[in-house]
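Undergrad: Before I ask anything, let me first share the structure, which is written out below as structure tokens.
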Number of protein chains: 2
Amino acid sequence: MSALQSDSGVTLWRKVADSIEREIAQGGYPAGEKLPGEVELATAHRVNRHTVRRALAALAERGLVRAERGSGTYVEPGRIAYPLRSRTRFSEIVGAGGREPRAQLLGASREEATRELARELDLPVGAPLIRIDGLRLADRAPICVGSTWLSAERFPDAEELYRRFGSMTKLLAHHGIRDYRRASTRITAAIADAGDAARLDLGIGRPVLIVEGLDVDAKGRPLLSIRARFAAERVQFVVETE
Amino acid sequence: MSALQSDSGVTLWRKVADSIEREIAQGGYPAGEKLPGEVELATAHRVNRHTVRRALAALAERGLVRAERGSGTYVEPGRIAYPLRSRTRFSEIVGAGGREPRAQLLGASREEATRELARELDLPVGAPLIRIDGLRLADRAPICVGSTWLSAERFPDAEELYRRFGSMTKLLAHHGIRDYRRASTRITAAIADAGDAARLDLGIGRPVLIVEGLDVDAKGRPLLSIRARFAAERVQFVVETE
DNA sequence: TCAAGTTGTCTGTGATATTAGACAACTTCA
DNA sequence: TGAAGTTGTCTAATATCACAGACAACTTGA
């Protein structure tokens, strides 16, 4: 009877991948940090470079690392679990993850309601709207860039209020709306264009999640229409159905 | 970029082994039960028979199953953890494992102390001894067969007492010895001979653990010399050193 | 602009895993 | 005694893993 191999039935590249993942999890390589080069990893693990590549490919497929040709392989920050419930507050979600939420006003303007926005907000086509463009970050990493539309007749001072508070929740509260909720959220995905890439600090060609949301007040009347683009590699939406 | 194989870096035989082990652990195949044939396991797991054999070999090496040529592959009962401490009581150890301990008297006889037994029991060579042969079982499975020697002068009625109580502890208590302890235990291993095989319900060629023990009273005076042979596949000694 | 360092891709080789089939050796049961 | 079913062993072919080397494509920094 030939001796059974002492191996445990796990391929070599898997062992290397597990080892690297363990190091990342233990903080050996902080998020955003560059991993040692493939050759260095290979010698460190006493393994062929191709085996390291196989391990890194597995980690990359899971979104734990990202390889940049000619530069290096970088540790991706863990994706923020972004639960989609009736109460969807960016700052709470990010804060719950132990990160510091920030919002940055990119601009504001007045627009007339397109047919689609009018239908969503239950206003006549061409009704005056205020559009607020903003960027949201967690620990300095851009999470999403998006626009919010609201009725200019109902919230004429929206731009000024948002600029003052930096929070949509407080803006609404100032108008006596203590409670509002997310009525619907539609999600799709696309590839980052030049604008996304610049504002979300993404490589062109990276995926973005496209979200269309509608917030309503306690009585179900539409308040805000939201269109946002999320850096897919930093966010993971969580939809809990019952 | 070619798609990464959806495999997880675990060899096929290992997956099969894990699957079978899981079924055993969940009670799908009770201890002593025959597993389905290799061909049946192969078709059930949609895998080649040789792959199943590789999986079974891994399980057999760990002592979880035992293959019998021409008959089948059987689930081994989990080995009894047999701690070796100063208080080593068979019934307590087996009972702690949720099994029912039983002892069976095989015979008794008078002997004269050999040089080795005399040294151990601190008696003159040729001193009269009583030898008690017994079999110990857990849930009807033979665990060990062994002999106990004690001084015929100090315990002249040993055979009758053991026959009455079926317990060495009670035998000693009847002589006013409330406490005794294991002074030393020496362990080695051998292959089951025909006698072992018959009494321990083992296949010839299976390993047995050979134990030589000395029990002493509270003052350290020798009481019993024990030589026993354990079915290695049903027992695992646990020695805790401090 | 250039050199150094990085990841991406290709070819090839040997070892191992897996599949496939056949037969021997053995046990069980009618 | 014989048939059926079991595990043990052998040969062979294919697929995948891991190693090895070379070069292309790209990034970075001097």
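Residue numbers start at 1 in each chain; chains themselves are named A, B, ... in the order of the structure tokens; ligands are numbered from 1 in the order shown.
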List as a ChimeraX atom specification the protein and nucleic acid residues near segment 62-73 of chain A, meaning an atom at most 8 Å away when only C-alpha atoms (C1' of nucleotides) are counted, but skip any in the same chain fewer than 5 places from it.
TA: /A:34-37,56,78,233 /C:5-8 /D:25-28
Undergrad: Applying 12 Å and only C-alpha atoms (C1' of nucleotides), which residues near DT1 of chain C remain after dropping the ones on its own chain fewer than 2 positions away? List them as a list in words.
TA: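 Final neighbour list, sorted by chain and number: DA3 of chain C; DG29 and DA30 of chain D.
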Undergrad: Provide as number ranges by chain the residues of chain A at most 12 Å from chain D, counting only C-alpha atoms (C1' of nucleotides).
TA: A: 1, 10-14, 42, 46-54, 68-72
Undergrad: Grab the residues selected above and save them as a PDB file, in the first residue's frame with N, CA and C atoms.
TA:
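Okay, selection01.pdb is ready:
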ATOM      1  N   MET A   1       0.849  -1.201   0.000  1.00  0.00           N
ATOM      2  CA  MET A   1       0.000   0.000   0.000  1.00  0.00           C
ATOM      3  C   MET A   1       0.874   1.237   0.000  1.00  0.00           C
ATOM      4  N   VAL A  10      -6.119  19.815  -0.927  1.00  0.00           N
ATOM      5  CA  VAL A  10      -6.334  21.207  -1.303  1.00  0.00           C
ATOM      6  C   VAL A  10      -5.225  21.595  -2.273  1.00  0.00           C
ATOM      7  N   THR A  11      -5.612  22.221  -3.365  1.00  0.00           N
ATOM      8  CA  THR A  11      -4.602  22.578  -4.360  1.00  0.00           C
ATOM      9  C   THR A  11      -3.669  23.652  -3.808  1.00  0.00           C
ATOM     10  N   LEU A  12      -2.500  23.720  -4.433  1.00  0.00           N
ATOM     11  CA  LEU A  12      -1.468  24.622  -3.928  1.00  0.00           C
ATOM     12  C   LEU A  12      -1.901  26.081  -4.035  1.00  0.00           C
ATOM     13  N   TRP A  13      -2.466  26.417  -5.198  1.00  0.00           N
ATOM     14  CA  TRP A  13      -2.848  27.824  -5.369  1.00  0.00           C
ATOM     15  C   TRP A  13      -3.887  28.243  -4.340  1.00  0.00           C
ATOM     16  N   ARG A  14      -4.740  27.287  -3.943  1.00  0.00           N
ATOM     17  CA  ARG A  14      -5.743  27.599  -2.935  1.00  0.00           C
ATOM     18  C   ARG A  14      -5.095  27.875  -1.589  1.00  0.00           C
ATOM     19  N   ALA A  42       5.911  34.842  -4.864  1.00  0.00           N
ATOM     20  CA  ALA A  42       6.248  33.471  -5.248  1.00  0.00           C
ATOM     21  C   ALA A  42       7.403  32.940  -4.399  1.00  0.00           C
ATOM     22  N   ARG A  46       7.447  30.108  -1.596  1.00  0.00           N
ATOM     23  CA  ARG A  46       8.198  28.979  -2.155  1.00  0.00           C
ATOM     24  C   ARG A  46       7.369  28.281  -3.226  1.00  0.00           C
ATOM     25  N   VAL A  47       6.971  29.053  -4.201  1.00  0.00           N
ATOM     26  CA  VAL A  47       6.023  28.569  -5.178  1.00  0.00           C
ATOM     27  C   VAL A  47       6.283  29.291  -6.493  1.00  0.00           C
ATOM     28  N   ASN A  48       5.785  28.740  -7.582  1.00  0.00           N
ATOM     29  CA  ASN A  48       6.005  29.356  -8.871  1.00  0.00           C
ATOM     30  C   ASN A  48       5.163  30.623  -9.023  1.00  0.00           C
ATOM     31  N   ARG A  49       5.665  31.531  -9.832  1.00  0.00           N
ATOM     32  CA  ARG A  49       4.926  32.781 -10.029  1.00  0.00           C
ATOM     33  C   ARG A  49       3.526  32.509 -10.572  1.00  0.00           C
ATOM     34  N   HIS A  50       3.390  31.535 -11.452  1.00  0.00           N
ATOM     35  CA  HIS A  50       2.081  31.236 -12.036  1.00  0.00           C
ATOM     36  C   HIS A  50       1.105  30.759 -10.972  1.00  0.00           C
ATOM     37  N   THR A  51       1.623  30.070  -9.984  1.00  0.00           N
ATOM     38  CA  THR A  51       0.753  29.622  -8.900  1.00  0.00           C
ATOM     39  C   THR A  51       0.259  30.819  -8.094  1.00  0.00           C
ATOM     40  N   VAL A  52       1.145  31.773  -7.877  1.00  0.00           N
ATOM     41  CA  VAL A  52       0.728  33.006  -7.200  1.00  0.00           C
ATOM     42  C   VAL A  52      -0.326  33.721  -8.040  1.00  0.00           C
ATOM     43  N   ARG A  53      -0.105  33.751  -9.359  1.00  0.00           N
ATOM     44  CA  ARG A  53      -1.083  34.417 -10.221  1.00  0.00           C
ATOM     45  C   ARG A  53      -2.445  33.750 -10.125  1.00  0.00           C
ATOM     46  N   ARG A  54      -2.420  32.419 -10.053  1.00  0.00           N
ATOM     47  CA  ARG A  54      -3.690  31.690  -9.920  1.00  0.00           C
ATOM     48  C   ARG A  54      -4.382  32.071  -8.614  1.00  0.00           C
ATOM     49  N   GLU A  68      -3.329  45.885 -11.231  1.00  0.00           N
ATOM     50  CA  GLU A  68      -3.169  46.953 -12.214  1.00  0.00           C
ATOM     51  C   GLU A  68      -1.891  46.712 -12.995  1.00  0.00           C
ATOM     52  N   ARG A  69      -2.108  46.508 -14.264  1.00  0.00           N
ATOM     53  CA  ARG A  69      -0.989  46.135 -15.120  1.00  0.00           C
ATOM     54  C   ARG A  69       0.120  47.190 -15.079  1.00  0.00           C
ATOM     55  N   GLY A  70       1.308  46.732 -14.874  1.00  0.00           N
ATOM     56  CA  GLY A  70       2.450  47.619 -14.860  1.00  0.00           C
ATOM     57  C   GLY A  70       2.671  48.317 -13.530  1.00  0.00           C
ATOM     58  N   SER A  71       1.701  48.214 -12.660  1.00  0.00           N
ATOM     59  CA  SER A  71       1.824  48.927 -11.391  1.00  0.00           C
ATOM     60  C   SER A  71       1.922  47.983 -10.203  1.00  0.00           C
ATOM     61  N   GLY A  72       0.928  47.133 -10.086  1.00  0.00           N
ATOM     62  CA  GLY A  72       0.943  46.232  -8.940  1.00  0.00           C
ATOM     63  C   GLY A  72      -0.440  45.693  -8.639  1.00  0.00           C
TER      64      GLY A  72
END
Undergrad: Between B:Ala141, B:Leu121, B:Ala173, B:Ala190, which has the minimum distance to Asp215 of chain B (counting only C-alpha atoms)?
TA: B:Leu121
Undergrad: Neighbouring residues of segment 83-92 of chain A were defined as those with any atom within 9 Å, considering only C-alpha atoms (C1' of nucleotides); residues of the same chain fewer than 3 positions away were excluded. Please report them as a PyMOL selection string.
TA: chain A and resi 95-97+100-103+136+138+169+180-185+215+236-240
